[in-house]
Structures are given as C-alpha cells and as structure tokens.
$ cat upload_10.txt   # compact mmCIF, C-alpha atoms
# COMPACT_ATOMS: atom_id res chain seq x y z
CA ASN A 1 1.42 8.39 -16.75
CA ALA A 2 -1.29 9.90 -14.54
CA GLY A 3 -1.78 6.89 -12.21
CA VAL A 4 -5.28 6.92 -10.70
CA THR A 5 -7.52 9.89 -11.45
CA GLN A 6 -10.87 10.77 -9.89
CA THR A 7 -13.58 13.25 -10.77
CA PRO A 8 -14.96 15.39 -9.33
CA LYS A 9 -12.64 16.63 -6.57
CA PHE A 10 -15.46 18.20 -4.58
CA GLN A 11 -19.23 17.87 -4.69
CA VAL A 12 -22.16 19.14 -2.66
CA LEU A 13 -25.46 17.27 -2.97
CA LYS A 14 -28.88 17.63 -1.45
CA THR A 15 -30.48 14.64 0.23
CA GLY A 16 -32.10 12.41 -2.39
CA GLN A 17 -29.97 13.58 -5.32
CA SER A 18 -27.94 11.09 -7.31
CA MET A 19 -24.42 11.27 -8.67
CA THR A 20 -21.64 9.17 -10.11
CA LEU A 21 -18.02 9.34 -9.03
CA GLN A 22 -15.60 8.53 -11.82
CA CYS A 23 -12.27 6.75 -11.52
CA ALA A 24 -9.71 5.77 -14.12
CA GLN A 25 -6.25 4.19 -14.01
CA ASP A 26 -3.59 3.94 -16.68
CA MET A 27 -1.36 1.31 -15.06
CA ASN A 28 -3.07 -1.69 -16.67
CA HIS A 29 -4.11 -3.01 -13.26
CA ASN A 30 -6.73 -5.75 -13.07
CA SER A 31 -8.16 -4.80 -9.68
CA MET A 32 -9.92 -1.58 -8.70
CA TYR A 33 -11.48 -0.45 -5.42
CA TRP A 34 -13.70 2.19 -3.83
CA TYR A 35 -13.15 3.24 -0.21
CA ARG A 36 -14.75 5.83 1.99
CA GLN A 37 -12.85 7.60 4.75
CA ASP A 38 -14.50 9.15 7.77
CA PRO A 39 -12.76 10.64 10.81
CA GLY A 40 -11.60 7.91 13.19
CA MET A 41 -12.92 5.13 10.93
CA GLY A 42 -9.96 4.57 8.65
CA LEU A 43 -10.53 3.40 5.08
CA ARG A 44 -13.60 1.24 4.64
CA LEU A 45 -14.06 -0.80 1.49
CA ILE A 46 -17.33 -0.11 -0.34
CA TYR A 47 -17.04 -2.22 -3.51
CA TYR A 48 -14.27 -3.66 -5.57
CA SER A 49 -13.63 -5.25 -8.93
CA ALA A 50 -10.99 -7.96 -8.90
CA SER A 51 -10.97 -8.11 -12.70
CA GLU A 52 -12.80 -6.63 -15.65
CA GLY A 53 -16.37 -7.92 -15.69
CA THR A 54 -16.62 -8.69 -11.97
CA THR A 55 -17.68 -6.63 -8.96
CA ASP A 56 -18.02 -7.56 -5.30
CA LYS A 57 -19.35 -5.96 -2.14
CA GLY A 58 -16.95 -4.75 0.51
CA GLU A 59 -17.55 -3.82 4.13
CA VAL A 60 -20.05 -0.97 3.59
CA PRO A 61 -21.89 -1.41 0.24
CA ASN A 62 -25.38 -0.24 1.22
CA GLY A 63 -26.55 2.83 -0.70
CA TYR A 64 -23.97 2.42 -3.48
CA ASN A 65 -23.66 0.75 -6.85
CA VAL A 66 -20.63 0.30 -9.07
CA SER A 67 -19.82 -0.30 -12.71
CA ARG A 68 -16.56 -1.63 -14.12
CA LEU A 69 -16.89 0.01 -17.51
CA ASN A 70 -13.66 -1.44 -18.92
CA LYS A 71 -10.22 -2.31 -17.57
CA ARG A 72 -9.38 1.36 -16.99
CA GLU A 73 -12.58 2.73 -15.47
CA PHE A 74 -14.56 1.95 -12.32
CA SER A 75 -17.44 4.22 -11.29
CA LEU A 76 -19.35 4.55 -8.02
CA ARG A 77 -22.98 5.67 -8.04
CA LEU A 78 -25.08 7.07 -5.24
CA GLU A 79 -28.69 6.66 -6.31
CA SER A 80 -30.29 8.67 -3.50
CA ALA A 81 -27.72 10.50 -1.41
CA ALA A 82 -28.08 10.66 2.36
CA PRO A 83 -26.21 12.84 4.90
CA SER A 84 -24.56 9.66 6.23
CA GLN A 85 -22.75 9.41 2.88
CA THR A 86 -20.86 12.63 3.54
CA SER A 87 -17.28 11.43 3.34
CA VAL A 88 -14.07 11.41 1.37
CA TYR A 89 -14.12 8.76 -1.34
CA PHE A 90 -10.94 7.18 -2.62
CA CYS A 91 -10.54 5.02 -5.67
CA ALA A 92 -7.56 2.67 -5.86
CA SER A 93 -6.09 0.13 -8.22
CA MET A 94 -3.72 -2.76 -7.72
CA LEU A 95 -1.83 -5.49 -9.46
CA LEU A 96 -2.30 -8.23 -6.85
CA ALA A 97 1.08 -9.80 -7.52
CA GLU A 98 2.80 -6.50 -6.68
CA GLU A 99 1.04 -6.06 -3.31
CA THR A 100 0.92 -2.29 -3.82
CA GLN A 101 -2.31 -0.36 -4.00
CA TYR A 102 -2.30 3.03 -5.74
CA PHE A 103 -4.84 5.63 -4.68
CA GLY A 104 -6.46 8.51 -6.49
CA PRO A 105 -6.55 12.00 -4.94
CA GLY A 106 -10.05 11.53 -3.51
CA THR A 107 -13.49 13.09 -3.89
CA ARG A 108 -14.82 15.16 -1.01
CA LEU A 109 -18.60 14.77 -0.88
CA LEU A 110 -20.96 16.74 1.31
CA VAL A 111 -24.62 15.72 1.45
CA LEU A 112 -26.94 18.30 2.97
CA GLY B 1 -13.80 -11.83 9.09
CA GLN B 2 -10.75 -9.61 9.05
CA SER B 3 -9.98 -7.11 11.80
CA LEU B 4 -6.96 -5.00 12.64
CA GLU B 5 -6.08 -3.10 15.80
CA GLN B 6 -3.62 -0.23 15.99
CA PRO B 7 -3.22 2.69 18.42
CA SER B 8 -5.16 5.79 17.47
CA GLU B 9 -2.43 8.31 18.27
CA VAL B 10 1.31 8.43 18.87
CA THR B 11 3.43 11.50 19.63
CA ALA B 12 7.19 11.89 19.41
CA VAL B 13 9.90 14.51 18.96
CA GLU B 14 12.19 15.10 16.04
CA GLY B 15 15.10 12.70 15.89
CA ALA B 16 13.39 10.08 18.03
CA ILE B 17 12.32 6.52 17.15
CA VAL B 18 8.68 5.47 17.22
CA GLN B 19 7.00 2.09 16.81
CA ILE B 20 3.42 1.69 15.59
CA ASN B 21 1.95 -1.71 16.39
CA CYS B 22 -0.71 -3.65 14.53
CA THR B 23 -2.45 -6.85 15.56
CA TYR B 24 -4.72 -8.63 13.12
CA GLN B 25 -7.27 -11.40 12.87
CA THR B 26 -7.83 -12.94 9.47
CA SER B 27 -9.39 -16.07 8.04
CA GLY B 28 -6.58 -16.32 5.51
CA PHE B 29 -3.28 -14.46 5.68
CA TYR B 30 -1.19 -13.27 2.74
CA GLY B 31 0.88 -10.54 4.35
CA LEU B 32 0.79 -7.21 6.20
CA SER B 33 1.02 -3.87 4.40
CA TRP B 34 1.61 -0.35 5.66
CA TYR B 35 0.40 2.91 4.12
CA GLN B 36 1.08 6.54 4.96
CA GLN B 37 -1.40 9.36 4.53
CA HIS B 38 -0.65 13.04 5.04
CA ASP B 39 -3.48 15.33 6.04
CA GLY B 40 -5.64 16.09 3.01
CA GLY B 41 -3.76 13.65 0.81
CA ALA B 42 -4.17 10.12 -0.51
CA PRO B 43 -2.69 7.01 1.13
CA THR B 44 0.65 5.86 -0.29
CA PHE B 45 2.31 2.47 0.05
CA LEU B 46 5.19 2.12 2.50
CA SER B 47 5.98 -1.56 2.95
CA TYR B 48 4.80 -5.15 2.77
CA ASN B 49 5.78 -8.19 4.82
CA ALA B 50 4.78 -11.69 3.79
CA LEU B 51 7.31 -13.55 5.92
CA ASP B 52 8.42 -13.21 9.52
CA GLY B 53 11.17 -10.74 10.22
CA LEU B 54 12.25 -7.19 9.62
CA GLU B 55 12.20 -5.35 6.29
CA GLU B 56 14.18 -2.11 6.13
CA THR B 57 13.65 0.75 3.71
CA GLY B 58 15.70 3.79 4.65
CA ARG B 59 14.47 5.29 7.91
CA PHE B 60 11.41 3.03 7.93
CA SER B 61 11.33 -0.64 8.88
CA SER B 62 8.44 -3.08 9.15
CA PHE B 63 8.30 -6.25 11.19
CA LEU B 64 6.01 -9.27 11.06
CA SER B 65 5.40 -12.20 13.39
CA ARG B 66 2.88 -14.54 11.78
CA SER B 67 2.67 -16.77 14.86
CA ASP B 68 1.63 -13.78 17.00
CA SER B 69 -0.57 -12.17 14.30
CA TYR B 70 1.40 -9.01 14.98
CA GLY B 71 3.46 -6.51 13.12
CA TYR B 72 4.89 -3.05 13.59
CA LEU B 73 6.21 -0.10 11.66
CA LEU B 74 9.40 1.46 13.01
CA LEU B 75 10.25 5.02 12.10
CA GLN B 76 13.75 6.23 12.93
CA GLU B 77 15.32 9.71 12.97
CA LEU B 78 11.87 11.24 12.97
CA GLN B 79 11.31 14.39 10.95
CA MET B 80 8.45 16.86 11.01
CA LYS B 81 7.35 15.60 7.60
CA ASP B 82 6.68 12.16 9.15
CA SER B 83 3.62 13.65 10.87
CA ALA B 84 0.85 11.69 9.17
CA SER B 85 -1.57 8.82 9.62
CA TYR B 86 -0.27 5.29 9.23
CA PHE B 87 -2.48 2.35 8.31
CA CYS B 88 -1.83 -1.37 8.45
CA ALA B 89 -3.75 -3.58 6.02
CA VAL B 90 -4.35 -7.23 5.20
CA ARG B 91 -6.05 -9.00 2.30
CA ASP B 92 -9.72 -9.90 2.69
CA LYS B 93 -10.98 -13.50 2.92
CA ALA B 94 -11.13 -13.84 -0.86
CA GLY B 95 -7.60 -12.48 -1.13
CA THR B 96 -8.55 -9.87 -3.73
CA ALA B 97 -9.05 -6.70 -1.66
CA LEU B 98 -7.28 -4.88 1.17
CA ILE B 99 -8.90 -4.27 4.54
CA PHE B 100 -7.38 -1.39 6.50
CA GLY B 101 -7.01 -0.67 10.19
CA LYS B 102 -8.44 2.57 11.56
CA GLY B 103 -5.06 4.25 11.41
CA THR B 104 -2.54 5.74 13.81
CA THR B 105 -2.00 9.49 13.79
CA LEU B 106 1.66 10.33 14.40
CA SER B 107 2.49 13.84 15.56
CA VAL B 108 6.16 14.85 15.48
CA SER B 109 7.14 17.98 17.40
CA SER B 110 10.36 19.96 17.47
$ encode --input "upload_10.txt" --output "structure tokens"
Amino acid sequence: NAGVTQTPKFQVLKTGQSMTLQCAQDMNHNSMYWYRQDPGMGLRLIYYSASEGTTDKGEVPNGYNVSRLNKREFSLRLESAAPSQTSVYFCASMLLAEETQYFGPGTRLLVL
Amino acid sequence: GQSLEQPSEVTAVEGAIVQINCTYQTSGFYGLSWYQQHDGGAPTFLSYNALDGLEETGRFSSFLSRSDSYGYLLLQELQMKDSASYFCAVRDKAGTALIFGKGTTLSVSS
C-alpha cells in the first residue's frame, strides 16, 4: 500500500517548456487534489476532481490543466511554464466521509 | 468565499504548552481540520472537529467554537520533534475540497 505517489520528485524547466506532473493513489479514494505551496502562502488549491470524470478549478487554476485519467490517477499539466510557477506541488486524495486528506511527497519544480 | 487566519509563527520551549489559533470565514461549514508539515515533508492529518468542544489525541488537542468561527490546536509537553508548520483547513463552498490557512510555524527550543 503506497498511498499517494508523485512523479517526478524534482524538475527544472525553461520558460515556455511544458510538462506533466503525475499522481496516483491506491486507497480507492473518489476525490483527488493538486496544491501548490510557496513560502508564506500555505497550500493553495489549483484543481481538484471530486469523483472520476469530473474536474473543478480551485483558487489558482490559471496556467494549469488537469486530467482525471481513471479513479487512481490525476495529472497536472503546465502547457507553457513561467517562473511564477516555481513551487512545490502536492497531490492529495481523500474519502470525503473520512475527513482525512492524504498527501503525496511533492514535486519540486524550478522554472528558469 | 472561504478564508482562514492563523498566526505566522509561534515559539516555545521543550515541555511547554502552546496554542495555535485559527479563525475562519466560510459560506458553508462542515468542520475544522488540522495538518502538520515538517520541513521538506508532506502535510499529514492531525485532527478534525465537526462539533463544538475539545477533541484529545495524546499530547495534541483541538477545539472548535462554531458560534465564534474559531478553533485552536493545543500541543502539550512540547518536544523538539513538534517543530513544524501547522495548518488549519475548512471545506470549500461546494464541500468537496479543502482550503488551507497560510500555516503557523512552530519552533521548539531546548
């Protein structure tokens, strides 16, 4: 039981490059989330998927797209990376009835 | 929309008791959650309060007052390993996502 896994762990991009952050969970949770964390800003919700087949914008969705590939997997895509997207990205999953969100280890992204 | 306010930093010494406060504004309230995050790590769940009162889990307790839109996390018998960031969180308007406060950094010294 691996919980929530994320790949890659680290990534350096040049401005304008694209990339996809991968996330998978093996807890059979319906809901999955993408957050970014910047110093002093806490965890800000980018996008989420309350159930397979649905996605919704969070607090800071601009510059990102997501895909809920199946119940296990939820990916985050940066189409044209900008230095302002330098951050630590966390994926999380949750069974709403349990009120507990489980986080992956994070992806540290640097955009030059 | 949802907003949460918590102090940015708290310092304490080993063995002491510290309280981290959280006030919130929401358009629909389900409950208040607390998460802990060590430097370089991922957030982990600590506690959840849906009803008014105190919930105790070992050295940690969490309190909620729905009428005051206020809660706190109480950490007793502080240890060096409690040095971390602590986040309060509430559900969003749709009730399907968590919105987090900016976090409180707790530094425990010997």
$ closest_atom_pairs --input "upload_10.txt" --of "stretch 74-100 of chain B" --to "stretch 32-46 of chain A" --cutoff "9 Å" --atoms "only C-alpha atoms" --output "CSV"
residue,atom,partner,partner_atom,distance
B:Phe87,CA,A:Gly42,CA,7.8
B:Ala97,CA,A:Tyr33,CA,7.7
B:Leu98,CA,A:Leu45,CA,7.9
B:Ile99,CA,A:Leu45,CA,6.9
B:Phe100,CA,A:Leu43,CA,5.9
$ interface_residues --input "upload_10.txt" --of "chain B" --to "chain A" --cutoff "7 Å" --atoms "all atoms listed in the file" --output "list in words"
Gly41, Ala42, Pro43, Thr44, Phe45, Thr96, Ile99, Phe100, Gly101, Lys102 and Gly103 of chain B
$ residues_around --input "upload_10.txt" --residues "B:Arg66" --least-positions-apart "6" --cutoff "12 Å" --atoms "all atoms listed in the file" --output "compact mmCIF listing (two decimals) with C-alpha atoms, in the frame of the given file"
# COMPACT_ATOMS: atom_id res chain seq x y z
CA CYS B 22 -0.71 -3.65 14.53
CA THR B 23 -2.45 -6.85 15.56
CA TYR B 24 -4.72 -8.63 13.12
CA GLN B 25 -7.27 -11.40 12.87
CA THR B 26 -7.83 -12.94 9.47
CA GLY B 28 -6.58 -16.32 5.51
CA PHE B 29 -3.28 -14.46 5.68
CA TYR B 30 -1.19 -13.27 2.74
CA GLY B 31 0.88 -10.54 4.35
CA LEU B 32 0.79 -7.21 6.20
CA ASN B 49 5.78 -8.19 4.82
CA ALA B 50 4.78 -11.69 3.79
CA LEU B 51 7.31 -13.55 5.92
CA ASP B 52 8.42 -13.21 9.52
CA GLY B 53 11.17 -10.74 10.22
CA TYR B 72 4.89 -3.05 13.59
$ atom_distance --input "upload_10.txt" --atom1 "atom CA of B:Ser62" --atom2 "atom CA of B:Ile17"
13.1 Å
$ atom_distance --input "upload_10.txt" --atom1 "atom CA of B:Asp39" --atom2 "atom CA of A:Asn65"
28.0 Å
$ atom_distance --input "upload_10.txt" --atom1 "atom CA of B:Gly58" --atom2 "atom CA of B:Thr105"
20.7 Å
$ closest_residue --input "upload_10.txt" --among "B:Met80, B:Leu73, B:Ile20, B:Leu46" --to "B:Ser110" --atoms "all atoms listed in the file"
B:Met80
$ residues_around --input "upload_10.txt" --residues "stretch 9-14 of chain A" --least-positions-apart "6" --cutoff "6 Å" --atoms "all atoms listed in the file" --output "PDB file with C-alpha atoms, in the frame of the given file"
ATOM      1  CA  THR A 107     -13.490  13.090  -3.890  1.00  0.00           C
ATOM      2  CA  ARG A 108     -14.820  15.160  -1.010  1.00  0.00           C
ATOM      3  CA  LEU A 109     -18.600  14.770  -0.880  1.00  0.00           C
ATOM      4  CA  LEU A 110     -20.960  16.740   1.310  1.00  0.00           C
ATOM      5  CA  VAL A 111     -24.620  15.720   1.450  1.00  0.00           C
ATOM      6  CA  LEU A 112     -26.940  18.300   2.970  1.00  0.00           C
TER       7      LEU A 112
END
$ axis_aligned_box --input "upload_10.txt" --around "stretch 16-27 of chain A" --padding-each-side "8 Å" --output "JSON"
{"center_x": -16.7, "center_y": 7.4, "center_z": -9.5, "size_x": 46.7, "size_y": 28.3, "size_z": 30.3}
$ closest_residue --input "upload_10.txt" --among "A:Leu21, A:His29, A:Asn62, A:Gly53" --to "A:Ser84" --atoms "only C-alpha atoms"
A:Asn62
$ closest_residue --input "upload_10.txt" --among "A:Leu78, A:Val66, A:Val60, A:Met27" --to "A:Gly3" --atoms "all atoms listed in the file"
A:Met27
$ closest_residue --input "upload_10.txt" --among "B:Gln36, B:Ser3, B:Ser109, B:Phe60" --to "B:Glu77" --atoms "only C-alpha atoms"
B:Phe60
$ residues_around --input "upload_10.txt" --residues "B:Leu106" --least-positions-apart "2" --cutoff "8 Å" --atoms "only C-alpha atoms" --output "compact mmCIF listing (two decimals) with C-alpha atoms, in the frame of the given file"
# COMPACT_ATOMS: atom_id res chain seq x y z
CA GLU B 9 -2.43 8.31 18.27
CA VAL B 10 1.31 8.43 18.87
CA THR B 11 3.43 11.50 19.63
CA ALA B 12 7.19 11.89 19.41
CA ASP B 82 6.68 12.16 9.15
CA SER B 83 3.62 13.65 10.87
CA ALA B 84 0.85 11.69 9.17
CA SER B 85 -1.57 8.82 9.62
CA TYR B 86 -0.27 5.29 9.23
CA THR B 104 -2.54 5.74 13.81
CA VAL B 108 6.16 14.85 15.48
$ residues_around --input "upload_10.txt" --residues "A:Arg72" --least-positions-apart "5" --cutoff "8 Å" --atoms "all atoms listed in the file" --output "MDAnalysis selection string"
chainID A and resid 24:26 28:29
$ residues_around --input "upload_10.txt" --residues "A:Phe74" --least-positions-apart "6" --cutoff "6 Å" --atoms "only C-alpha atoms" --output "PDB file with C-alpha atoms, keeping the file's coordinate frame"
ATOM      1  CA  CYS A  23     -12.270   6.750 -11.520  1.00  0.00           C
ATOM      2  CA  SER A  67     -19.820  -0.300 -12.710  1.00  0.00           C
ATOM      3  CA  ARG A  68     -16.560  -1.630 -14.120  1.00  0.00           C
TER       4      ARG A  68
END
